[in-house]
>>> print(open('protein.tsv').read())   # TSV, C-alpha atoms
chain	number	residue	atom	x	y	z
A	1	MET	CA	7.02	-19.89	24.14
A	2	ASN	CA	8.27	-20.93	20.71
A	3	GLN	CA	8.47	-18.10	18.19
A	4	ARG	CA	5.62	-18.43	15.71
A	5	ARG	CA	6.65	-17.72	12.13
A	6	ILE	CA	4.41	-15.67	9.83
A	7	VAL	CA	4.45	-16.40	6.11
A	8	VAL	CA	2.75	-14.98	3.02
A	9	THR	CA	0.57	-17.49	1.15
A	10	GLY	CA	-1.62	-15.34	-1.12
A	11	LEU	CA	-1.57	-12.02	-2.97
A	12	GLY	CA	-4.16	-9.82	-4.64
A	13	ALA	CA	-3.86	-6.39	-6.24
A	14	ILE	CA	-5.72	-3.88	-8.35
A	15	THR	CA	-3.59	-0.88	-9.26
A	16	PRO	CA	-3.13	1.85	-11.88
A	17	ILE	CA	-0.61	-0.40	-13.68
A	18	GLY	CA	-2.31	-3.79	-13.40
A	19	ASN	CA	-5.67	-5.23	-12.38
A	20	ASN	CA	-4.29	-8.30	-10.61
A	21	ALA	CA	-1.12	-9.11	-8.69
A	22	GLN	CA	0.78	-10.56	-11.66
A	23	GLU	CA	-0.09	-7.65	-13.98
A	24	TYR	CA	0.92	-5.23	-11.25
A	25	TRP	CA	4.31	-6.89	-10.77
A	26	GLU	CA	4.96	-6.98	-14.51
A	27	GLY	CA	4.09	-3.30	-14.70
A	28	LEU	CA	6.57	-2.53	-11.94
A	29	ILE	CA	9.54	-4.38	-13.35
A	30	THR	CA	8.98	-2.98	-16.84
A	31	GLY	CA	8.72	0.58	-15.53
A	32	VAL	CA	5.17	1.46	-16.59
A	33	SER	CA	3.69	4.79	-15.53
A	34	GLY	CA	0.06	4.72	-14.43
A	35	ALA	CA	-0.48	8.47	-14.70
A	36	ALA	CA	-2.95	9.94	-17.21
A	37	PRO	CA	-5.64	12.63	-17.44
A	38	ILE	CA	-8.42	12.12	-14.90
A	39	THR	CA	-11.55	10.36	-16.15
A	40	ASN	CA	-13.41	9.86	-12.84
A	41	PHE	CA	-14.72	13.45	-12.99
A	42	ASP	CA	-14.31	16.67	-14.97
A	43	ALA	CA	-11.03	18.05	-13.62
A	44	SER	CA	-10.68	20.88	-16.14
A	45	ASN	CA	-10.95	23.59	-13.45
A	46	PHE	CA	-8.48	21.99	-11.06
A	47	LYS	CA	-4.78	22.79	-10.63
A	48	THR	CA	-4.03	19.09	-11.10
A	49	ARG	CA	-5.88	17.39	-13.93
A	50	PHE	CA	-4.24	13.96	-13.93
A	51	ALA	CA	-3.85	11.00	-11.59
A	52	CYS	CA	-3.07	7.29	-11.49
A	53	GLU	CA	-6.51	5.75	-11.94
A	54	VAL	CA	-7.30	2.04	-12.21
A	55	LYS	CA	-7.79	1.39	-15.93
A	56	ASN	CA	-10.10	-0.81	-18.03
A	57	PHE	CA	-12.17	-1.33	-14.90
A	58	ASP	CA	-15.72	-2.64	-15.14
A	59	ILE	CA	-17.04	-3.59	-11.72
A	60	ASN	CA	-19.49	-6.02	-13.34
A	61	ASN	CA	-16.52	-8.17	-14.35
A	62	PHE	CA	-15.68	-8.64	-10.69
A	63	LEU	CA	-18.80	-8.36	-8.54
A	64	ASP	CA	-22.53	-8.95	-8.79
A	65	ARG	CA	-24.29	-5.73	-9.81
A	66	LYS	CA	-26.58	-5.69	-6.77
A	67	GLU	CA	-23.64	-6.23	-4.44
A	68	SER	CA	-21.46	-3.61	-6.11
A	69	ARG	CA	-24.15	-0.89	-5.86
A	70	ARG	CA	-24.05	-1.22	-2.09
A	71	LEU	CA	-20.30	-0.62	-1.94
A	72	ASP	CA	-18.22	2.51	-2.33
A	73	ARG	CA	-15.42	2.20	-4.87
A	74	PHE	CA	-12.80	1.76	-2.13
A	75	CYS	CA	-14.76	-1.22	-0.78
A	76	GLN	CA	-15.24	-2.65	-4.28
A	77	PHE	CA	-11.46	-2.66	-4.64
A	78	ALA	CA	-11.16	-4.41	-1.26
A	79	MET	CA	-13.55	-7.20	-2.22
A	80	ILE	CA	-11.78	-7.73	-5.55
A	81	VAL	CA	-8.28	-8.05	-4.11
A	82	ALA	CA	-9.40	-10.15	-1.14
A	83	LYS	CA	-11.01	-12.61	-3.55
A	84	GLU	CA	-7.83	-12.83	-5.61
A	85	ALA	CA	-5.62	-13.36	-2.56
A	86	TYR	CA	-7.97	-15.97	-1.08
A	87	LYS	CA	-8.03	-17.90	-4.35
A	88	ASP	CA	-4.27	-17.55	-4.80
A	89	SER	CA	-3.68	-18.99	-1.34
A	90	GLY	CA	-5.63	-22.17	-2.06
A	91	LEU	CA	-7.73	-21.70	1.07
A	92	THR	CA	-11.02	-23.51	1.56
A	93	GLU	CA	-13.26	-23.48	4.63
A	94	SER	CA	-12.26	-27.05	5.43
A	95	VAL	CA	-8.62	-26.09	6.11
A	96	PHE	CA	-8.96	-23.25	8.63
A	97	ASN	CA	-10.67	-22.51	11.93
A	98	PRO	CA	-12.99	-19.52	11.35
A	99	ASP	CA	-12.62	-18.40	14.96
A	100	ARG	CA	-8.84	-18.09	14.56
A	101	SER	CA	-9.01	-16.34	11.18
A	102	GLY	CA	-9.34	-12.58	10.92
A	103	VAL	CA	-9.45	-9.54	8.65
A	104	ILE	CA	-7.60	-6.29	9.27
A	105	TRP	CA	-7.96	-3.62	6.61
A	106	GLY	CA	-6.36	-0.23	6.14
A	107	SER	CA	-7.89	2.88	4.62
A	108	GLY	CA	-6.88	6.44	5.32
A	109	ILE	CA	-10.11	8.07	4.19
A	110	GLY	CA	-12.80	5.50	3.34
A	111	GLY	CA	-15.85	6.24	1.22
A	112	MET	CA	-15.04	9.75	0.03
A	113	LYS	CA	-17.12	9.48	-3.16
A	114	THR	CA	-20.19	8.28	-1.27
A	115	PHE	CA	-19.96	11.14	1.23
A	116	PHE	CA	-19.47	13.68	-1.54
A	117	ASP	CA	-22.38	12.45	-3.66
A	118	GLU	CA	-24.85	12.33	-0.77
A	119	SER	CA	-23.80	15.78	0.45
A	120	VAL	CA	-24.14	17.29	-3.03
A	121	ASN	CA	-27.57	15.70	-3.45
A	122	PHE	CA	-28.76	17.16	-0.16
A	123	ALA	CA	-27.32	20.61	-0.94
A	124	ARG	CA	-29.08	20.70	-4.31
A	125	ASN	CA	-32.49	19.52	-3.10
A	126	ASN	CA	-32.45	20.61	0.55
A	127	THR	CA	-34.39	17.44	1.23
A	128	PRO	CA	-33.04	14.76	3.60
A	129	ARG	CA	-33.42	11.82	1.21
A	130	PHE	CA	-30.27	9.92	2.04
A	131	ASN	CA	-29.47	6.50	0.67
A	132	PRO	CA	-30.05	3.86	3.36
A	133	PHE	CA	-26.59	2.51	2.52
A	134	PHE	CA	-24.99	5.95	2.96
A	135	ILE	CA	-23.30	5.21	6.29
A	136	PRO	CA	-22.43	1.53	5.64
A	137	LYS	CA	-20.86	2.55	2.31
A	138	LEU	CA	-18.63	5.32	3.64
A	139	ILE	CA	-17.25	4.06	6.96
A	140	SER	CA	-13.61	3.00	6.74
A	141	ASP	CA	-14.09	-0.29	8.58
A	142	ILE	CA	-16.71	-1.71	6.24
A	143	PRO	CA	-14.34	-3.67	3.93
A	144	ALA	CA	-13.15	-5.74	6.89
A	145	GLY	CA	-16.76	-6.54	7.75
A	146	HIS	CA	-17.72	-7.48	4.19
A	147	ILE	CA	-14.60	-9.63	3.70
A	148	SER	CA	-15.20	-11.49	6.96
A	149	MET	CA	-18.79	-12.25	5.98
A	150	LYS	CA	-17.74	-13.42	2.52
A	151	TYR	CA	-15.14	-15.89	3.80
A	152	ASN	CA	-16.50	-16.68	7.30
A	153	PHE	CA	-13.51	-15.27	9.15
A	154	ARG	CA	-14.77	-14.82	12.72
A	155	GLY	CA	-11.52	-13.75	14.41
A	156	PRO	CA	-10.19	-10.20	14.94
A	157	ASN	CA	-11.88	-7.78	12.57
A	158	PHE	CA	-11.16	-4.07	12.33
A	159	THR	CA	-9.62	-1.27	10.29
A	160	THR	CA	-6.43	0.68	10.87
A	161	VAL	CA	-6.43	4.40	10.06
A	162	SER	CA	-3.05	6.12	10.06
A	163	ALA	CA	-3.20	8.11	6.81
A	164	CYS	CA	-0.74	6.73	4.26
A	165	ALA	CA	0.64	4.20	6.76
A	166	SER	CA	-2.79	2.60	7.27
A	167	SER	CA	-2.37	-0.70	5.43
A	168	THR	CA	1.16	-1.22	6.74
A	169	ASN	CA	-0.33	-0.84	10.21
A	170	ALA	CA	-2.87	-3.48	9.24
A	171	ILE	CA	-0.11	-5.88	8.20
A	172	ILE	CA	1.74	-5.26	11.47
A	173	ASP	CA	-1.35	-5.84	13.61
A	174	ALA	CA	-2.11	-9.11	11.83
A	175	TYR	CA	1.53	-10.17	12.19
A	176	ASN	CA	1.35	-9.57	15.93
A	177	TYR	CA	-1.96	-11.41	16.43
A	178	ILE	CA	-0.45	-14.49	14.79
A	179	LYS	CA	2.84	-14.09	16.65
A	180	TRP	CA	1.01	-13.90	19.99
A	181	ASP	CA	-0.94	-17.09	19.16
A	182	LYS	CA	-4.29	-15.30	19.12
A	183	SER	CA	-4.92	-16.19	15.45
A	184	ASP	CA	-3.54	-18.40	12.71
A	185	LEU	CA	-4.62	-16.67	9.53
A	186	PHE	CA	-5.48	-13.20	8.21
A	187	ILE	CA	-6.68	-11.48	5.10
A	188	VAL	CA	-4.91	-8.17	5.44
A	189	GLY	CA	-4.43	-5.16	3.20
A	190	GLY	CA	-5.87	-1.83	2.22
A	191	SER	CA	-7.81	0.10	-0.39
A	192	GLU	CA	-8.45	3.70	-1.33
A	193	ALA	CA	-10.47	5.62	-3.94
A	194	CYS	CA	-10.07	9.40	-3.64
A	195	ILE	CA	-9.61	10.57	-7.22
A	196	TYR	CA	-12.65	12.81	-7.04
A	197	GLU	CA	-13.32	16.52	-6.62
A	198	THR	CA	-12.78	16.56	-2.87
A	199	GLY	CA	-9.64	14.40	-2.97
A	200	ILE	CA	-7.88	16.31	-5.74
A	201	GLY	CA	-9.14	19.69	-4.53
A	202	GLY	CA	-8.15	19.06	-0.94
A	203	PHE	CA	-4.61	17.94	-1.72
A	204	ASN	CA	-4.27	20.78	-4.25
A	205	ALA	CA	-5.16	23.25	-1.51
A	206	MET	CA	-2.26	21.83	0.53
A	207	MET	CA	0.02	22.19	-2.53
A	208	ALA	CA	0.86	18.49	-2.10
A	209	LEU	CA	0.09	17.32	-5.65
A	210	SER	CA	2.17	17.64	-8.78
A	211	THR	CA	0.76	20.06	-11.35
A	212	ARG	CA	2.75	18.72	-14.29
A	213	ASN	CA	-0.38	18.63	-16.44
A	214	GLU	CA	1.58	18.87	-19.70
A	215	ASP	CA	3.34	15.54	-19.03
A	216	PRO	CA	1.44	13.37	-16.54
A	217	LYS	CA	3.40	10.17	-17.12
A	218	SER	CA	6.61	11.74	-15.86
A	219	ALA	CA	5.02	13.71	-13.01
A	220	SER	CA	5.76	11.21	-10.24
A	221	ARG	CA	9.54	11.60	-10.08
A	222	PRO	CA	10.92	10.73	-6.65
A	223	PHE	CA	14.42	12.06	-5.89
A	224	ASP	CA	14.47	14.17	-9.08
A	225	LYS	CA	15.43	17.83	-8.70
A	226	GLU	CA	12.29	18.92	-10.59
A	227	ARG	CA	9.78	16.94	-8.47
A	228	ASP	CA	6.81	19.07	-7.45
A	229	GLY	CA	4.54	16.81	-5.42
A	230	PHE	CA	2.92	13.40	-5.45
A	231	VAL	CA	0.47	11.94	-7.96
A	232	MET	CA	-2.79	10.58	-6.57
A	233	GLY	CA	-3.41	6.88	-7.09
A	234	GLU	CA	-6.24	4.47	-6.31
A	235	GLY	CA	-6.71	0.73	-5.91
A	236	GLY	CA	-5.96	-1.91	-3.30
A	237	GLY	CA	-3.84	-4.82	-2.22
A	238	ALA	CA	-4.50	-7.94	-0.15
A	239	ILE	CA	-2.10	-10.38	1.48
A	240	ILE	CA	-2.82	-13.71	3.16
A	241	LEU	CA	-0.69	-13.92	6.31
A	242	GLU	CA	-0.51	-17.34	7.89
A	243	GLU	CA	1.28	-19.09	10.73
A	244	TYR	CA	4.00	-21.26	9.20
A	245	GLU	CA	2.92	-24.64	10.62
A	246	HIS	CA	-0.68	-23.92	9.64
A	247	ALA	CA	0.41	-23.17	6.08
A	248	LYS	CA	2.76	-26.14	5.97
A	249	LYS	CA	0.09	-28.54	7.21
A	250	ARG	CA	-2.25	-27.68	4.34
A	251	GLY	CA	0.55	-27.71	1.74
A	252	ALA	CA	0.29	-24.01	0.90
A	253	LYS	CA	2.73	-22.32	-1.43
A	254	ILE	CA	4.77	-19.71	0.43
A	255	TYR	CA	5.94	-16.47	-1.16
A	256	ALA	CA	8.04	-15.08	1.68
A	257	GLU	CA	8.21	-14.58	5.43
A	258	ILE	CA	7.53	-11.46	7.51
A	259	VAL	CA	10.19	-11.23	10.21
A	260	GLY	CA	10.20	-7.68	11.55
A	261	THR	CA	7.98	-4.65	12.06
A	262	GLY	CA	8.32	-1.10	13.29
A	263	LEU	CA	5.99	1.70	14.38
A	264	THR	CA	7.09	5.21	15.35
A	265	ALA	CA	5.96	8.83	15.32
A	266	ASP	CA	7.83	11.90	14.13
A	267	ALA	CA	6.16	14.09	16.79
A	268	HIS	CA	7.11	17.00	14.56
A	269	HIS	CA	4.43	18.37	12.16
A	270	ILE	CA	1.01	17.43	10.81
A	271	THR	CA	2.21	17.02	7.21
A	272	ALA	CA	5.97	17.61	6.96
A	273	PRO	CA	8.44	14.87	7.88
A	274	HIS	CA	11.11	15.35	10.51
A	275	PRO	CA	13.84	17.15	8.53
A	276	GLU	CA	16.52	14.65	9.56
A	277	GLY	CA	14.23	11.65	9.09
A	278	LEU	CA	14.30	10.78	12.80
A	279	GLY	CA	11.04	8.78	12.82
A	280	ALA	CA	11.93	7.05	9.57
A	281	ARG	CA	15.33	6.03	10.93
A	282	ASN	CA	13.82	4.71	14.15
A	283	VAL	CA	11.07	2.71	12.43
A	284	MET	CA	13.49	0.92	10.11
A	285	ASN	CA	15.78	0.16	13.03
A	286	GLN	CA	12.86	-1.30	15.00
A	287	ALA	CA	11.91	-3.67	12.19
A	288	ILE	CA	15.49	-4.85	11.72
A	289	SER	CA	16.02	-5.27	15.47
A	290	GLU	CA	12.83	-7.31	15.88
A	291	ALA	CA	14.00	-9.64	13.12
A	292	GLY	CA	17.32	-10.12	14.90
A	293	CYS	CA	19.31	-9.48	11.75
A	294	LEU	CA	22.11	-7.06	10.99
A	295	LEU	CA	21.88	-3.76	9.16
A	296	SER	CA	24.27	-5.28	6.62
A	297	ASP	CA	21.74	-8.05	5.88
A	298	ILE	CA	19.28	-5.65	4.23
A	299	ASP	CA	19.38	-5.69	0.44
A	300	TYR	CA	16.48	-3.51	-0.70
A	301	ILE	CA	14.28	-0.75	0.67
A	302	ASN	CA	10.97	0.04	-0.99
A	303	VAL	CA	10.88	3.61	0.27
A	304	HIS	CA	7.88	5.83	0.95
A	305	GLY	CA	9.32	8.08	-1.78
A	306	THR	CA	6.30	10.20	-2.62
A	307	SER	CA	8.06	12.68	-4.95
A	308	THR	CA	7.60	15.59	-2.54
A	309	PRO	CA	10.41	18.13	-2.04
A	310	LEU	CA	10.84	17.52	1.71
A	311	GLY	CA	9.91	13.86	2.08
A	312	ASP	CA	12.41	12.36	-0.35
A	313	ILE	CA	15.31	14.23	1.24
A	314	ALA	CA	14.33	13.27	4.80
A	315	GLU	CA	13.99	9.58	3.96
A	316	THR	CA	17.35	9.34	2.22
A	317	LYS	CA	18.96	11.12	5.20
A	318	ALA	CA	17.37	8.53	7.49
A	319	ILE	CA	18.78	5.68	5.42
A	320	LYS	CA	22.29	7.15	5.43
A	321	THR	CA	22.19	7.84	9.17
A	322	LEU	CA	20.98	4.35	10.07
A	323	PHE	CA	22.95	2.23	7.62
A	324	GLY	CA	26.20	4.16	7.42
A	325	SER	CA	28.51	2.77	4.73
A	326	HIS	CA	26.06	-0.07	4.00
A	327	ALA	CA	23.62	2.52	2.61
A	328	TYR	CA	25.70	2.50	-0.57
A	329	LYS	CA	25.30	-1.27	-0.97
A	330	LEU	CA	21.53	-1.16	-0.80
A	331	ASN	CA	19.06	-0.95	-3.64
A	332	ILE	CA	16.51	1.77	-2.96
A	333	SER	CA	13.45	2.43	-5.09
A	334	SER	CA	10.10	4.19	-5.04
A	335	THR	CA	7.38	2.26	-6.83
A	336	LYS	CA	5.14	5.32	-6.40
A	337	SER	CA	6.97	6.65	-9.45
A	338	MET	CA	4.79	4.17	-11.38
A	339	THR	CA	1.61	3.67	-9.32
A	340	GLY	CA	1.27	7.12	-7.86
A	341	HIS	CA	0.40	7.37	-4.18
A	342	LEU	CA	-2.46	5.08	-3.13
A	343	LEU	CA	-2.69	6.82	0.27
A	344	GLY	CA	-3.99	4.27	2.81
A	345	ALA	CA	-3.54	1.43	0.33
A	346	ALA	CA	0.09	2.27	-0.44
A	347	GLY	CA	1.51	0.01	2.25
A	348	ALA	CA	-0.34	-3.04	0.96
A	349	ILE	CA	0.74	-2.80	-2.67
A	350	GLU	CA	4.28	-1.81	-1.72
A	351	ALA	CA	4.55	-4.76	0.66
A	352	ILE	CA	3.52	-6.93	-2.30
A	353	ALA	CA	6.29	-5.32	-4.36
A	354	SER	CA	8.79	-6.13	-1.59
A	355	ILE	CA	7.52	-9.72	-1.32
A	356	MET	CA	7.89	-10.23	-5.05
A	357	SER	CA	11.33	-8.65	-5.04
A	358	VAL	CA	12.47	-11.16	-2.42
A	359	LYS	CA	10.87	-14.02	-4.32
A	360	THR	CA	12.24	-13.14	-7.78
A	361	ASN	CA	15.52	-11.31	-6.99
A	362	ILE	CA	14.41	-8.32	-9.05
A	363	VAL	CA	14.30	-4.76	-7.72
A	364	PRO	CA	11.68	-2.58	-9.43
A	365	PRO	CA	12.91	0.83	-10.57
A	366	THR	CA	12.37	4.45	-9.67
A	367	ILE	CA	11.27	5.82	-13.02
A	368	ASN	CA	11.16	9.40	-14.37
A	369	HIS	CA	14.52	10.42	-12.91
A	370	LYS	CA	16.30	12.94	-15.14
A	371	ASN	CA	17.93	15.63	-13.02
A	372	HIS	CA	20.03	15.00	-9.93
A	373	ASP	CA	18.98	16.77	-6.73
A	374	PRO	CA	22.17	17.97	-5.00
A	375	GLU	CA	20.49	17.50	-1.60
A	376	ILE	CA	20.24	13.74	-2.22
A	377	ASP	CA	23.44	11.70	-2.11
A	378	LYS	CA	24.30	10.77	-5.69
A	379	LYS	CA	26.17	7.67	-4.52
A	380	LEU	CA	22.98	5.98	-3.28
A	381	ASN	CA	21.66	3.30	-5.63
A	382	LEU	CA	18.13	4.61	-6.25
A	383	THR	CA	17.52	1.96	-8.95
A	384	LEU	CA	16.96	4.69	-11.48
A	385	ASN	CA	14.73	4.15	-14.52
A	386	LYS	CA	15.35	0.42	-14.95
A	387	ALA	CA	14.80	-2.67	-12.80
A	388	GLN	CA	17.91	-4.37	-11.44
A	389	LYS	CA	18.62	-8.03	-10.74
A	390	ARG	CA	20.37	-8.90	-7.51
A	391	GLU	CA	20.08	-11.35	-4.64
A	392	VAL	CA	17.35	-9.97	-2.37
A	393	ASN	CA	17.25	-11.83	0.93
A	394	TYR	CA	15.79	-9.02	3.04
A	395	ALA	CA	13.55	-6.17	1.87
A	396	LEU	CA	12.13	-3.31	3.94
A	397	SER	CA	8.87	-1.61	3.01
A	398	ASN	CA	8.40	1.91	4.44
A	399	THR	CA	5.20	3.96	4.66
A	400	PHE	CA	4.76	7.30	6.40
A	401	GLY	CA	1.52	9.21	6.98
A	402	PHE	CA	0.29	12.72	7.71
A	403	GLY	CA	0.35	13.18	11.46
A	404	GLY	CA	3.87	11.79	11.62
A	405	HIS	CA	2.92	8.08	11.52
A	406	ASN	CA	5.73	5.75	10.41
A	407	ALA	CA	5.42	2.02	9.73
A	408	SER	CA	7.87	-0.49	8.30
A	409	VAL	CA	7.78	-4.22	7.62
A	410	LEU	CA	10.73	-6.48	6.90
A	411	VAL	CA	10.31	-9.36	4.44
A	412	THR	CA	12.75	-12.22	3.92
A	413	LYS	CA	13.11	-15.26	1.69
A	414	TYR	CA	11.17	-18.30	2.82
A	415	GLN	CA	13.39	-21.00	4.25
A	416	PRO	CA	11.69	-24.31	5.24
>>> encode(input="protein.tsv", output="structure tokens")
Amino acid sequence: MNQRRIVVTGLGAITPIGNNAQEYWEGLITGVSGAAPITNFDASNFKTRFACEVKNFDINNFLDRKESRRLDRFCQFAMIVAKEAYKDSGLTESVFNPDRSGVIWGSGIGGMKTFFDESVNFARNNTPRFNPFFIPKLISDIPAGHISMKYNFRGPNFTTVSACASSTNAIIDAYNYIKWDKSDLFIVGGSEACIYETGIGGFNAMMALSTRNEDPKSASRPFDKERDGFVMGEGGGAIILEEYEHAKKRGAKIYAEIVGTGLTADAHHITAPHPEGLGARNVMNQAISEAGCLLSDIDYINVHGTSTPLGDIAETKAIKTLFGSHAYKLNISSTKSMTGHLLGAAGAIEAIASIMSVKTNIVPPTINHKNHDPEIDKKLNLTLNKAQKREVNYALSNTFGFGGHNASVLVTKYQP
């Protein structure tokens, strides 16, 4: 069987540093921080009182009011980015087979705000007057259903849930369905909206979040000696994945090509990474091996890089172990330093960053780095504080989730 190629033909994003894909990319390469005091709720009694929220957001500018009221915020984000990606791709119903077109969506948590509000209402009134849309609003799979109905995609339709690796898992599943000739086209991505009492409170209880309340903009500082946890983000990203001949036939513009994927488990701890980065090393190696390229071909790694004390060390160890001397020729950066951590949506927006890096030959920076951590090799090029221009032919995007889930996708320049 001939190898089917999978290309990227559309992008959509809504993030703490830009409300569409182009704004998001411009925010990345200029080093904008999306962190600020929380406005979604009164966080004055919480250990962490800041986050990376989506800004200047009025849902009525994107969706019909009646429609938006039936959707949790995480699903609103999904509908917005799917619409942008679909439009960007130039798709129309006349150019695709609905039965070979699918939607796979990632979300680690789903409708947290909806669940919280309905539970609080019941606790206050002790009367079971639940919103009839309560369950359809909160379930994690509902964006995939809504997107399929909107665009008449009748192929595979489901949601991947693997904590912070969720939307990378979604990309990988869609890649495989196309590769196996079960589908030709996917809207794939992820969304998350957890900057609420339960989200901030829960991660505070785990001591996972930064508490740098006096200086939110510099709080997400991957690899820095003074890092003290991640910064919560929200938003979503969507990618149109398409079989190459299908895209070529309709004259689609092509951003890049997906050529390799990896999935592994740490099998170590529910929240902490393997101390030597074993799962991270294996997942990157899988993606590179599937692509059939050499370790020395890789130019850039968009790392998971959450700004946690253990995670950043383990990932850099994994890179050094796998790549050997080539590790020092790589560009490495954590875009979470700007967007915060979008949890289940992180993989989608970071894959978009990797796609754009390959397309433009620009590596976005790791901002907020001031103090060197002696446990992280100083010779590694962590793309500190300023974007760098270089030829980027291959870019890896890593995402790792609680439970030890690891996922990686390898993007390369499109060659006709």
>>> residues_around(input="protein.tsv", residues="Thr264 of chain A", least_positions_apart="5", cutoff="8 Å", atoms="all atoms listed in the file", output="list in words")
Gly279, Ala280, Asn282, Val283, His405, Asn406 and Ala407 of chain A
>>> atom_distance(input="protein.tsv", atom1="atom CA of Trp105 of chain A", atom2="atom CA of Leu343 of chain A")
13.3 Å
>>> closest_residue(input="protein.tsv", among="A:Asp224, A:Leu263, A:Gly344, A:Ala144", to="Lys378 of chain A", atoms="only C-alpha atoms")
A:Asp224
>>> closest_residue(input="protein.tsv", among="A:Ala170, A:Leu310, A:Val303, A:Ile195", to="Gly111 of chain A", atoms="all atoms listed in the file")
A:Ile195
>>> residues_around(input="protein.tsv", residues="Thr412 of chain A", least_positions_apart="2", cutoff="10 Å", atoms="all atoms listed in the file", output="PyMOL selection string")
chain A and resi 7+255-260+291+298-299+354-355+357-359+392-396+410+414-415
>>> closest_residue(input="protein.tsv", among="A:Ala36, A:Phe74, A:Pro136, A:Gly251", to="Gly90 of chain A", atoms="only C-alpha atoms")
A:Gly251
>>> residues_near_point(input="protein.tsv", point="(12.6, 13.7, 0.7)", cutoff="12 Å", atoms="all atoms listed in the file", output="compact mmCIF listing (two decimals) with C-alpha atoms, in the frame of the given file")
# COMPACT_ATOMS: atom_id res chain seq x y z
CA ARG A 221 9.54 11.60 -10.08
CA PRO A 222 10.92 10.73 -6.65
CA PHE A 223 14.42 12.06 -5.89
CA ASP A 224 14.47 14.17 -9.08
CA LYS A 225 15.43 17.83 -8.70
CA ARG A 227 9.78 16.94 -8.47
CA ASP A 228 6.81 19.07 -7.45
CA GLY A 229 4.54 16.81 -5.42
CA PHE A 230 2.92 13.40 -5.45
CA ALA A 272 5.97 17.61 6.96
CA PRO A 273 8.44 14.87 7.88
CA HIS A 274 11.11 15.35 10.51
CA PRO A 275 13.84 17.15 8.53
CA GLU A 276 16.52 14.65 9.56
CA GLY A 277 14.23 11.65 9.09
CA ALA A 280 11.93 7.05 9.57
CA VAL A 303 10.88 3.61 0.27
CA HIS A 304 7.88 5.83 0.95
CA GLY A 305 9.32 8.08 -1.78
CA THR A 306 6.30 10.20 -2.62
CA SER A 307 8.06 12.68 -4.95
CA THR A 308 7.60 15.59 -2.54
CA PRO A 309 10.41 18.13 -2.04
CA LEU A 310 10.84 17.52 1.71
CA GLY A 311 9.91 13.86 2.08
CA ASP A 312 12.41 12.36 -0.35
CA ILE A 313 15.31 14.23 1.24
CA ALA A 314 14.33 13.27 4.80
CA GLU A 315 13.99 9.58 3.96
CA THR A 316 17.35 9.34 2.22
CA LYS A 317 18.96 11.12 5.20
CA ALA A 318 17.37 8.53 7.49
CA ILE A 319 18.78 5.68 5.42
CA SER A 334 10.10 4.19 -5.04
CA ASP A 373 18.98 16.77 -6.73
CA PRO A 374 22.17 17.97 -5.00
CA GLU A 375 20.49 17.50 -1.60
CA ILE A 376 20.24 13.74 -2.22
CA ASP A 377 23.44 11.70 -2.11
CA PHE A 400 4.76 7.30 6.40
>>> atom_distance(input="protein.tsv", atom1="atom CA of Gly110 of chain A", atom2="atom CA of Leu91 of chain A")
27.8 Å
>>> decode(input="protein.tsv", residues="segment 259-272 of chain A", atoms="C-alpha atoms", output="CSV table (one decimal), in the first residue's frame")
chain,number,residue,atom,x,y,z
A,259,VAL,CA,5.4,12.8,9.2
A,260,GLY,CA,5.8,11.2,12.6
A,261,THR,CA,4.0,10.5,15.9
A,262,GLY,CA,4.8,8.9,19.2
A,263,LEU,CA,2.8,7.7,22.2
A,264,THR,CA,4.3,6.4,25.5
A,265,ALA,CA,3.7,6.1,29.2
A,266,ASP,CA,6.1,6.9,32.0
A,267,ALA,CA,4.6,4.2,34.2
A,268,HIS,CA,6.1,6.1,37.1
A,269,HIS,CA,3.8,8.5,39.1
A,270,ILE,CA,0.4,10.1,38.8
A,271,THR,CA,1.8,13.6,38.5
A,272,ALA,CA,5.6,13.6,38.6
